[in-house]
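Participant: Sharing run-v7.pdb here; it has PDB, C-alpha atoms and all ligand atoms.
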MODEL        1
ATOM      1  CA  MET C   1      59.775 124.783 138.941  1.00  0.00           C
ATOM      2  CA  TYR C   2      59.623 125.861 142.614  1.00  0.00           C
ATOM      3  CA  LYS C   3      59.268 129.625 142.634  1.00  0.00           C
ATOM      4  CA  ILE C   4      60.403 132.032 145.342  1.00  0.00           C
ATOM      5  CA  ALA C   5      59.964 135.749 145.968  1.00  0.00           C
ATOM      6  CA  VAL C   6      62.762 137.502 147.884  1.00  0.00           C
ATOM      7  CA  LEU C   7      61.887 140.630 149.878  1.00  0.00           C
ATOM      8  CA  ILE C   8      64.693 143.097 150.612  1.00  0.00           C
ATOM      9  CA  SER C   9      65.302 146.588 151.976  1.00  0.00           C
ATOM     10  CA  GLY C  10      69.043 147.077 151.572  1.00  0.00           C
ATOM     11  CA  GLY C  11      72.346 145.709 150.310  1.00  0.00           C
ATOM     12  CA  GLY C  12      70.984 142.252 149.554  1.00  0.00           C
ATOM     13  CA  THR C  13      73.986 140.078 150.475  1.00  0.00           C
ATOM     14  CA  ASN C  14      71.531 137.353 151.534  1.00  0.00           C
ATOM     15  CA  LEU C  15      69.772 137.742 148.179  1.00  0.00           C
ATOM     16  CA  GLN C  16      73.173 137.354 146.524  1.00  0.00           C
ATOM     17  CA  SER C  17      73.817 134.116 148.420  1.00  0.00           C
ATOM     18  CA  ILE C  18      70.466 132.780 147.171  1.00  0.00           C
ATOM     19  CA  ILE C  19      71.295 133.827 143.601  1.00  0.00           C
ATOM     20  CA  ASP C  20      74.707 132.126 143.837  1.00  0.00           C
ATOM     21  CA  ASN C  21      73.193 128.918 145.258  1.00  0.00           C
ATOM     22  CA  VAL C  22      70.546 128.775 142.535  1.00  0.00           C
ATOM     23  CA  LYS C  23      73.272 129.264 139.914  1.00  0.00           C
ATOM     24  CA  SER C  24      75.410 126.487 141.433  1.00  0.00           C
ATOM     25  CA  GLY C  25      72.410 124.139 141.441  1.00  0.00           C
ATOM     26  CA  PHE C  26      72.458 123.733 145.241  1.00  0.00           C
ATOM     27  CA  ILE C  27      68.917 125.130 145.284  1.00  0.00           C
ATOM     28  CA  ASN C  28      66.612 123.877 142.532  1.00  0.00           C
ATOM     29  CA  CYS C  29      64.236 126.808 142.323  1.00  0.00           C
ATOM     30  CA  LYS C  30      63.596 130.028 140.426  1.00  0.00           C
ATOM     31  CA  ILE C  31      63.798 133.485 141.984  1.00  0.00           C
ATOM     32  CA  GLU C  32      60.580 134.663 140.337  1.00  0.00           C
ATOM     33  CA  ILE C  33      60.697 138.183 141.721  1.00  0.00           C
ATOM     34  CA  VAL C  34      62.617 140.463 144.086  1.00  0.00           C
ATOM     35  CA  ILE C  35      60.505 143.025 145.934  1.00  0.00           C
ATOM     36  CA  SER C  36      62.098 145.920 147.793  1.00  0.00           C
ATOM     37  CA  ASP C  37      60.343 148.352 150.143  1.00  0.00           C
ATOM     38  CA  ASN C  38      63.192 150.784 149.442  1.00  0.00           C
ATOM     39  CA  GLU C  39      63.613 152.152 145.911  1.00  0.00           C
ATOM     40  CA  LYS C  40      67.306 152.763 146.553  1.00  0.00           C
ATOM     41  CA  ALA C  41      68.183 149.256 147.791  1.00  0.00           C
ATOM     42  CA  TYR C  42      71.372 147.949 146.157  1.00  0.00           C
ATOM     43  CA  GLY C  43      69.727 144.520 146.198  1.00  0.00           C
ATOM     44  CA  ILE C  44      67.534 145.690 143.281  1.00  0.00           C
ATOM     45  CA  GLU C  45      70.756 146.196 141.306  1.00  0.00           C
ATOM     46  CA  ARG C  46      71.946 142.701 142.237  1.00  0.00           C
ATOM     47  CA  ALA C  47      68.682 141.240 140.947  1.00  0.00           C
ATOM     48  CA  ARG C  48      68.745 143.114 137.664  1.00  0.00           C
ATOM     49  CA  GLU C  49      72.420 142.224 137.078  1.00  0.00           C
ATOM     50  CA  ASN C  50      71.258 138.596 137.282  1.00  0.00           C
ATOM     51  CA  HIS C  51      68.271 139.118 134.982  1.00  0.00           C
ATOM     52  CA  ILE C  52      65.809 138.692 137.849  1.00  0.00           C
ATOM     53  CA  TYR C  53      62.572 140.716 137.753  1.00  0.00           C
ATOM     54  CA  ALA C  54      62.713 143.286 140.567  1.00  0.00           C
ATOM     55  CA  ILE C  55      60.221 145.923 141.727  1.00  0.00           C
ATOM     56  CA  ALA C  56      60.168 148.549 144.456  1.00  0.00           C
ATOM     57  CA  LEU C  57      57.020 148.959 146.564  1.00  0.00           C
ATOM     58  CA  GLY C  58      58.051 151.942 148.641  1.00  0.00           C
ATOM     59  CA  LYS C  59      56.970 151.630 152.256  1.00  0.00           C
ATOM     60  CA  LYS C  60      56.245 155.390 152.330  1.00  0.00           C
ATOM     61  CA  GLN C  61      54.046 155.109 149.223  1.00  0.00           C
ATOM     62  CA  TYR C  62      52.140 151.971 150.300  1.00  0.00           C
ATOM     63  CA  GLY C  63      52.226 152.399 154.093  1.00  0.00           C
ATOM     64  CA  ASP C  64      49.658 150.116 155.724  1.00  0.00           C
ATOM     65  CA  LYS C  65      48.769 148.640 152.336  1.00  0.00           C
ATOM     66  CA  LEU C  66      52.251 147.253 151.668  1.00  0.00           C
ATOM     67  CA  SER C  67      51.448 143.662 152.706  1.00  0.00           C
ATOM     68  CA  ASP C  68      48.268 143.655 150.586  1.00  0.00           C
ATOM     69  CA  GLU C  69      50.256 144.913 147.578  1.00  0.00           C
ATOM     70  CA  ILE C  70      52.900 142.237 148.093  1.00  0.00           C
ATOM     71  CA  LEU C  71      50.144 139.609 148.299  1.00  0.00           C
ATOM     72  CA  LYS C  72      48.731 140.748 144.945  1.00  0.00           C
ATOM     73  CA  VAL C  73      52.149 140.475 143.299  1.00  0.00           C
ATOM     74  CA  VAL C  74      53.134 137.075 144.724  1.00  0.00           C
ATOM     75  CA  GLU C  75      49.730 135.558 143.899  1.00  0.00           C
ATOM     76  CA  GLU C  76      49.955 136.907 140.361  1.00  0.00           C
ATOM     77  CA  LYS C  77      53.431 135.356 140.020  1.00  0.00           C
ATOM     78  CA  ASP C  78      52.191 132.081 141.570  1.00  0.00           C
ATOM     79  CA  VAL C  79      55.053 132.081 144.095  1.00  0.00           C
ATOM     80  CA  ASP C  80      55.553 129.003 146.345  1.00  0.00           C
ATOM     81  CA  LEU C  81      57.720 130.577 149.067  1.00  0.00           C
ATOM     82  CA  ILE C  82      58.421 134.118 150.250  1.00  0.00           C
ATOM     83  CA  VAL C  83      61.877 134.825 151.706  1.00  0.00           C
ATOM     84  CA  THR C  84      62.451 138.033 153.678  1.00  0.00           C
ATOM     85  CA  ALA C  85      66.188 138.750 153.542  1.00  0.00           C
ATOM     86  CA  GLY C  86      67.222 142.026 155.127  1.00  0.00           C
ATOM     87  CA  PHE C  87      63.609 143.194 154.813  1.00  0.00           C
ATOM     88  CA  LEU C  88      62.640 145.828 157.382  1.00  0.00           C
ATOM     89  CA  SER C  89      58.863 146.181 156.984  1.00  0.00           C
ATOM     90  CA  ILE C  90      56.549 144.033 159.105  1.00  0.00           C
ATOM     91  CA  LEU C  91      54.232 141.738 157.104  1.00  0.00           C
ATOM     92  CA  LYS C  92      50.626 141.399 158.218  1.00  0.00           C
ATOM     93  CA  GLY C  93      46.996 140.667 157.280  1.00  0.00           C
ATOM     94  CA  ASP C  94      45.844 138.295 154.514  1.00  0.00           C
ATOM     95  CA  LEU C  95      49.404 137.783 153.274  1.00  0.00           C
ATOM     96  CA  LEU C  96      50.273 135.954 156.518  1.00  0.00           C
ATOM     97  CA  LYS C  97      47.068 133.905 156.372  1.00  0.00           C
ATOM     98  CA  LYS C  98      47.378 132.870 152.711  1.00  0.00           C
ATOM     99  CA  PHE C  99      51.129 132.172 153.050  1.00  0.00           C
ATOM    100  CA  LYS C 100      51.077 130.460 156.474  1.00  0.00           C
ATOM    101  CA  ASP C 101      54.286 128.404 156.839  1.00  0.00           C
ATOM    102  CA  ARG C 102      55.376 129.709 153.405  1.00  0.00           C
ATOM    103  CA  ILE C 103      57.222 132.863 154.506  1.00  0.00           C
ATOM    104  CA  ILE C 104      60.708 132.566 156.040  1.00  0.00           C
ATOM    105  CA  ASN C 105      63.027 135.178 157.519  1.00  0.00           C
ATOM    106  CA  ILE C 106      66.732 135.354 158.369  1.00  0.00           C
ATOM    107  CA  HIS C 107      67.594 137.083 161.634  1.00  0.00           C
ATOM    108  CA  PRO C 108      71.182 137.820 162.758  1.00  0.00           C
ATOM    109  CA  SER C 109      70.983 136.347 166.279  1.00  0.00           C
ATOM    110  CA  LEU C 110      70.103 133.085 168.023  1.00  0.00           C
ATOM    111  CA  ILE C 111      66.388 133.739 168.588  1.00  0.00           C
ATOM    112  CA  PRO C 112      64.890 134.266 171.216  1.00  0.00           C
ATOM    113  CA  SER C 113      67.942 136.379 172.114  1.00  0.00           C
ATOM    114  CA  PHE C 114      68.288 139.877 170.685  1.00  0.00           C
ATOM    115  CA  CYS C 115      65.190 139.905 168.495  1.00  0.00           C
ATOM    116  CA  GLY C 116      61.841 141.672 168.257  1.00  0.00           C
ATOM    117  CA  LYS C 117      60.973 145.336 167.799  1.00  0.00           C
ATOM    118  CA  GLY C 118      63.963 147.537 166.949  1.00  0.00           C
ATOM    119  CA  MET C 119      66.333 144.561 166.720  1.00  0.00           C
ATOM    120  CA  TYR C 120      67.693 144.729 163.172  1.00  0.00           C
ATOM    121  CA  GLY C 121      71.056 145.210 161.481  1.00  0.00           C
ATOM    122  CA  LEU C 122      73.885 146.439 163.714  1.00  0.00           C
ATOM    123  CA  ASN C 123      71.543 146.986 166.700  1.00  0.00           C
ATOM    124  CA  VAL C 124      71.387 143.212 167.146  1.00  0.00           C
ATOM    125  CA  HIS C 125      75.161 142.829 167.345  1.00  0.00           C
ATOM    126  CA  LYS C 126      75.584 145.882 169.590  1.00  0.00           C
ATOM    127  CA  ALA C 127      73.114 144.316 172.045  1.00  0.00           C
ATOM    128  CA  ALA C 128      74.980 140.990 171.954  1.00  0.00           C
ATOM    129  CA  ILE C 129      78.394 142.657 172.492  1.00  0.00           C
ATOM    130  CA  ASN C 130      77.044 144.842 175.308  1.00  0.00           C
ATOM    131  CA  TYR C 131      75.483 141.850 177.009  1.00  0.00           C
ATOM    132  CA  GLY C 132      78.803 140.005 176.853  1.00  0.00           C
ATOM    133  CA  VAL C 133      77.533 136.779 175.260  1.00  0.00           C
ATOM    134  CA  LYS C 134      80.165 134.173 174.252  1.00  0.00           C
ATOM    135  CA  VAL C 135      78.078 132.720 171.440  1.00  0.00           C
ATOM    136  CA  SER C 136      75.845 134.363 168.867  1.00  0.00           C
ATOM    137  CA  GLY C 137      74.707 133.403 165.381  1.00  0.00           C
ATOM    138  CA  CYS C 138      71.736 133.521 163.023  1.00  0.00           C
ATOM    139  CA  THR C 139      68.254 132.028 162.805  1.00  0.00           C
ATOM    140  CA  VAL C 140      66.037 131.130 159.870  1.00  0.00           C
ATOM    141  CA  HIS C 141      62.422 130.962 161.016  1.00  0.00           C
ATOM    142  CA  PHE C 142      58.894 130.971 159.674  1.00  0.00           C
ATOM    143  CA  VAL C 143      57.190 134.365 159.750  1.00  0.00           C
ATOM    144  CA  ASP C 144      54.021 134.621 161.836  1.00  0.00           C
ATOM    145  CA  GLU C 145      52.010 137.544 163.255  1.00  0.00           C
ATOM    146  CA  GLY C 146      54.779 138.474 165.681  1.00  0.00           C
ATOM    147  CA  THR C 147      58.239 139.968 165.107  1.00  0.00           C
ATOM    148  CA  ASP C 148      60.899 137.213 164.863  1.00  0.00           C
ATOM    149  CA  THR C 149      58.556 134.819 166.739  1.00  0.00           C
ATOM    150  CA  GLY C 150      57.761 132.068 164.217  1.00  0.00           C
ATOM    151  CA  PRO C 151      58.936 128.418 164.468  1.00  0.00           C
ATOM    152  CA  ILE C 152      62.704 128.016 164.033  1.00  0.00           C
ATOM    153  CA  ILE C 153      63.993 126.088 161.013  1.00  0.00           C
ATOM    154  CA  ILE C 154      67.796 126.441 161.171  1.00  0.00           C
ATOM    155  CA  GLN C 155      70.234 128.123 163.564  1.00  0.00           C
ATOM    156  CA  LYS C 156      73.983 128.513 163.109  1.00  0.00           C
ATOM    157  CA  SER C 157      76.269 129.720 165.901  1.00  0.00           C
ATOM    158  CA  VAL C 158      79.500 131.726 165.978  1.00  0.00           C
ATOM    159  CA  PRO C 159      81.904 132.454 168.872  1.00  0.00           C
ATOM    160  CA  VAL C 160      81.951 135.978 170.326  1.00  0.00           C
ATOM    161  CA  PHE C 161      85.308 137.239 171.634  1.00  0.00           C
ATOM    162  CA  ALA C 162      85.698 139.871 174.343  1.00  0.00           C
ATOM    163  CA  GLU C 163      87.533 142.231 171.993  1.00  0.00           C
ATOM    164  CA  ASP C 164      84.908 141.932 169.218  1.00  0.00           C
ATOM    165  CA  THR C 165      83.186 145.066 167.969  1.00  0.00           C
ATOM    166  CA  ALA C 166      79.599 144.955 166.680  1.00  0.00           C
ATOM    167  CA  GLU C 167      80.934 145.325 163.119  1.00  0.00           C
ATOM    168  CA  ILE C 168      83.319 142.364 163.508  1.00  0.00           C
ATOM    169  CA  LEU C 169      80.538 140.211 164.947  1.00  0.00           C
ATOM    170  CA  GLN C 170      78.132 141.279 162.174  1.00  0.00           C
ATOM    171  CA  LYS C 171      80.630 140.124 159.539  1.00  0.00           C
ATOM    172  CA  ARG C 172      81.155 136.753 161.275  1.00  0.00           C
ATOM    173  CA  VAL C 173      77.384 136.175 161.590  1.00  0.00           C
ATOM    174  CA  LEU C 174      76.671 137.274 158.011  1.00  0.00           C
ATOM    175  CA  GLU C 175      78.915 134.470 156.711  1.00  0.00           C
ATOM    176  CA  LYS C 176      76.695 131.961 158.533  1.00  0.00           C
ATOM    177  CA  GLU C 177      73.525 133.688 157.279  1.00  0.00           C
ATOM    178  CA  HIS C 178      74.731 133.120 153.736  1.00  0.00           C
ATOM    179  CA  GLU C 179      74.886 129.369 154.474  1.00  0.00           C
ATOM    180  CA  ALA C 180      71.740 129.006 156.600  1.00  0.00           C
ATOM    181  CA  LEU C 181      69.246 130.742 154.323  1.00  0.00           C
ATOM    182  CA  PRO C 182      70.023 128.727 151.148  1.00  0.00           C
ATOM    183  CA  GLU C 183      70.004 125.525 153.256  1.00  0.00           C
ATOM    184  CA  ALA C 184      66.534 126.366 154.573  1.00  0.00           C
ATOM    185  CA  ILE C 185      65.210 127.221 151.097  1.00  0.00           C
ATOM    186  CA  LYS C 186      66.604 123.935 149.766  1.00  0.00           C
ATOM    187  CA  LEU C 187      64.963 121.878 152.528  1.00  0.00           C
ATOM    188  CA  ILE C 188      61.580 123.582 152.067  1.00  0.00           C
ATOM    189  CA  SER C 189      61.677 123.403 148.261  1.00  0.00           C
ATOM    190  CA  GLU C 190      62.392 119.655 148.563  1.00  0.00           C
ATOM    191  CA  ASN C 191      59.471 119.285 150.992  1.00  0.00           C
ATOM    192  CA  LYS C 192      61.798 118.122 153.787  1.00  0.00           C
ATOM    193  CA  VAL C 193      60.404 120.456 156.458  1.00  0.00           C
ATOM    194  CA  LYS C 194      57.408 119.663 158.649  1.00  0.00           C
ATOM    195  CA  VAL C 195      56.008 122.116 161.217  1.00  0.00           C
ATOM    196  CA  GLN C 196      54.200 120.892 164.340  1.00  0.00           C
ATOM    197  CA  GLU C 197      53.201 123.890 166.482  1.00  0.00           C
ATOM    198  CA  ARG C 198      56.548 125.393 167.569  1.00  0.00           C
ATOM    199  CA  LYS C 199      58.603 122.398 166.465  1.00  0.00           C
ATOM    200  CA  VAL C 200      60.140 122.147 162.967  1.00  0.00           C
ATOM    201  CA  PHE C 201      61.246 118.685 161.808  1.00  0.00           C
ATOM    202  CA  THR C 202      63.821 118.539 159.002  1.00  0.00           C
ATOM    203  CA  GLU C 203      66.114 115.825 157.676  1.00  0.00           C
ATOM    204  CA  ASN C 204      68.935 117.416 159.742  1.00  0.00           C
ATOM    205  CA  ASN C 205      67.064 117.038 163.051  1.00  0.00           C
TER     206      ASN C 205
HETATM  207  C1  LIG C 301      71.481 140.920 157.708  1.00  0.00           C
HETATM  208  O1  LIG C 301      72.179 140.929 158.928  1.00  0.00           O
HETATM  209  C2  LIG C 301      70.205 140.123 157.888  1.00  0.00           C
HETATM  210  O2  LIG C 301      70.314 139.123 158.872  1.00  0.00           O
HETATM  211  C3  LIG C 301      69.253 141.130 158.354  1.00  0.00           C
HETATM  212  O3  LIG C 301      69.543 142.265 157.521  1.00  0.00           O
HETATM  213  C4  LIG C 301      70.965 142.333 157.361  1.00  0.00           C
HETATM  214  C5  LIG C 301      71.330 142.789 155.972  1.00  0.00           C
HETATM  215  O4  LIG C 301      71.017 141.758 155.085  1.00  0.00           O
HETATM  216  N1  LIG C 301      67.892 140.652 158.256  1.00  0.00           N
HETATM  217  P1  LIG C 301      71.384 141.883 153.508  1.00  0.00           P
HETATM  218  O5  LIG C 301      72.879 142.094 153.409  1.00  0.00           O
HETATM  219  O6  LIG C 301      70.614 143.065 152.965  1.00  0.00           O
HETATM  220  O7  LIG C 301      70.950 140.568 152.931  1.00  0.00           O
ENDMDL
END
Written as structure tokens, how would this file's structure read?

Facilitator:
Amino acid sequence: MYKIAVLISGGGTNLQSIIDNVKSGFINCKIEIVISDNEKAYGIERARENHIYAIALGKKQYGDKLSDEILKVVEEKDVDLIVTAGFLSILKGDLLKKFKDRIINIHPSLIPSFCGKGMYGLNVHKAAINYGVKVSGCTVHFVDEGTDTGPIIIQKSVPVFAEDTAEILQKRVLEKEHEALPEAIKLISENKVKVQERKVFTENN
């Protein structure tokens, strides 16, 4: 069975969409473990309610060693794919080397717009609204040494209206995130994704 680890920091609505899509059979994989860098994340609750093993590796407690600790856990659990879903810590070191092209992230904009350091949560949508863009959306990408810089797997767009607030836009984008991330996991778990430098080839394109 294809095993995934989901890394979270907060509410875990993307985790919930993965859980729901595993339950429906859309994704044929097992959520082997949920790891949160925030002991208080509601996503831990979501995992436990669905009988999924969940642990907290507090970023304050582990600091620079967080990525190494995560590596230990995912190797022990023999995980195939790591999914960062609303995860705020930056991964680095051996974890990125040993899981090259096996860590994916969901970001709430059309990368390369509105991404990188400090661009998370509502900040992303505030930047998009302030810039006056007419289209925004979400991106699922592979995680590399940079921040939101890895090869792009799936993007989904949404319209942005002049009267939108950041909160309204966030809600509209989140709906697309909940489609894009399970789709990406499905494609990867079925070995339908090939990476060639910056290009990602899937059955969709
Ligand atoms: C989402 O906008 C996601 O794109 C970003 O974190 C936000 C919260 O995600 N990475 P979740 O509700 O905790 O899954």

Participant: Which residues form the shell of 9 Å around ligand LIG 301 (chain C) when you count only C-alpha atoms and all ligand atoms, given as a PyMOL selection string?

Facilitator: chain C and resi 8-17+41-43+84-88+105-109+120-122+124+138-139+170-171+173-174+177-178

Participant: Can you work out which one of C:Asp101, C:Glu175, C:Glu39, C:Asp80 has the shortest atom-to-atom distance to C:Gly137, counting all atoms listed in the file?

Facilitator: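 Among the listed residues, the smallest separation from C:Gly137 belongs to C:Glu175.
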
Participant: Using all atoms listed in the file for the distances, tell me which of C:Lys23, C:Cys115, C:Val83, C:Leu169 is nearest to C:Val143.

Facilitator: C:Val83

Participant: For each of C:Ser89, C:Ser36, C:Asn130, C:Thr149, take the minimum atom-to-atom distance to C:Pro112, counting only C-alpha atoms, then give the residue where this is smallest.

Facilitator: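 Counting only C-alpha atoms, the residue closest to C:Pro112 is C:Thr149.
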
Participant: Point out the residue among C:Ile129, C:Val79, C:Ile188, C:Ile154 with the least atom-to-atom distance to C:Leu110, counting only C-alpha atoms.

Facilitator: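 Closest to C:Leu110, using only C-alpha atoms: C:Ile154.
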
Participant: Have a look at C:Tyr62, C:Phe26, C:Phe142, C:Phe161 and name the one nearest to C:Ile103; count only C-alpha atoms.

Facilitator: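 Answer, going by the shortest atom-to-atom distance: C:Phe142.
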
Participant: Using only C-alpha atoms, which protein or nucleic acid residues come within 12 Å of C:Val74? Drop anything in the same chain fewer than 3 positions from it, and give the result as a tab-separated table (two decimals) with C-alpha atoms, in the coordinates of the input.

Facilitator:
chain	number	residue	atom	x	y	z
C	3	LYS	CA	59.27	129.62	142.63
C	4	ILE	CA	60.40	132.03	145.34
C	5	ALA	CA	59.96	135.75	145.97
C	6	VAL	CA	62.76	137.50	147.88
C	7	LEU	CA	61.89	140.63	149.88
C	31	ILE	CA	63.80	133.49	141.98
C	32	GLU	CA	60.58	134.66	140.34
C	33	ILE	CA	60.70	138.18	141.72
C	34	VAL	CA	62.62	140.46	144.09
C	35	ILE	CA	60.50	143.02	145.93
C	55	ILE	CA	60.22	145.92	141.73
C	67	SER	CA	51.45	143.66	152.71
C	68	ASP	CA	48.27	143.66	150.59
C	69	GLU	CA	50.26	144.91	147.58
C	70	ILE	CA	52.90	142.24	148.09
C	71	LEU	CA	50.14	139.61	148.30
C	77	LYS	CA	53.43	135.36	140.02
C	78	ASP	CA	52.19	132.08	141.57
C	79	VAL	CA	55.05	132.08	144.10
C	80	ASP	CA	55.55	129.00	146.34
C	81	LEU	CA	57.72	130.58	149.07
C	82	ILE	CA	58.42	134.12	150.25
C	83	VAL	CA	61.88	134.82	151.71
C	95	LEU	CA	49.40	137.78	153.27
C	98	LYS	CA	47.38	132.87	152.71
C	99	PHE	CA	51.13	132.17	153.05
C	102	ARG	CA	55.38	129.71	153.40
C	103	ILE	CA	57.22	132.86	154.51
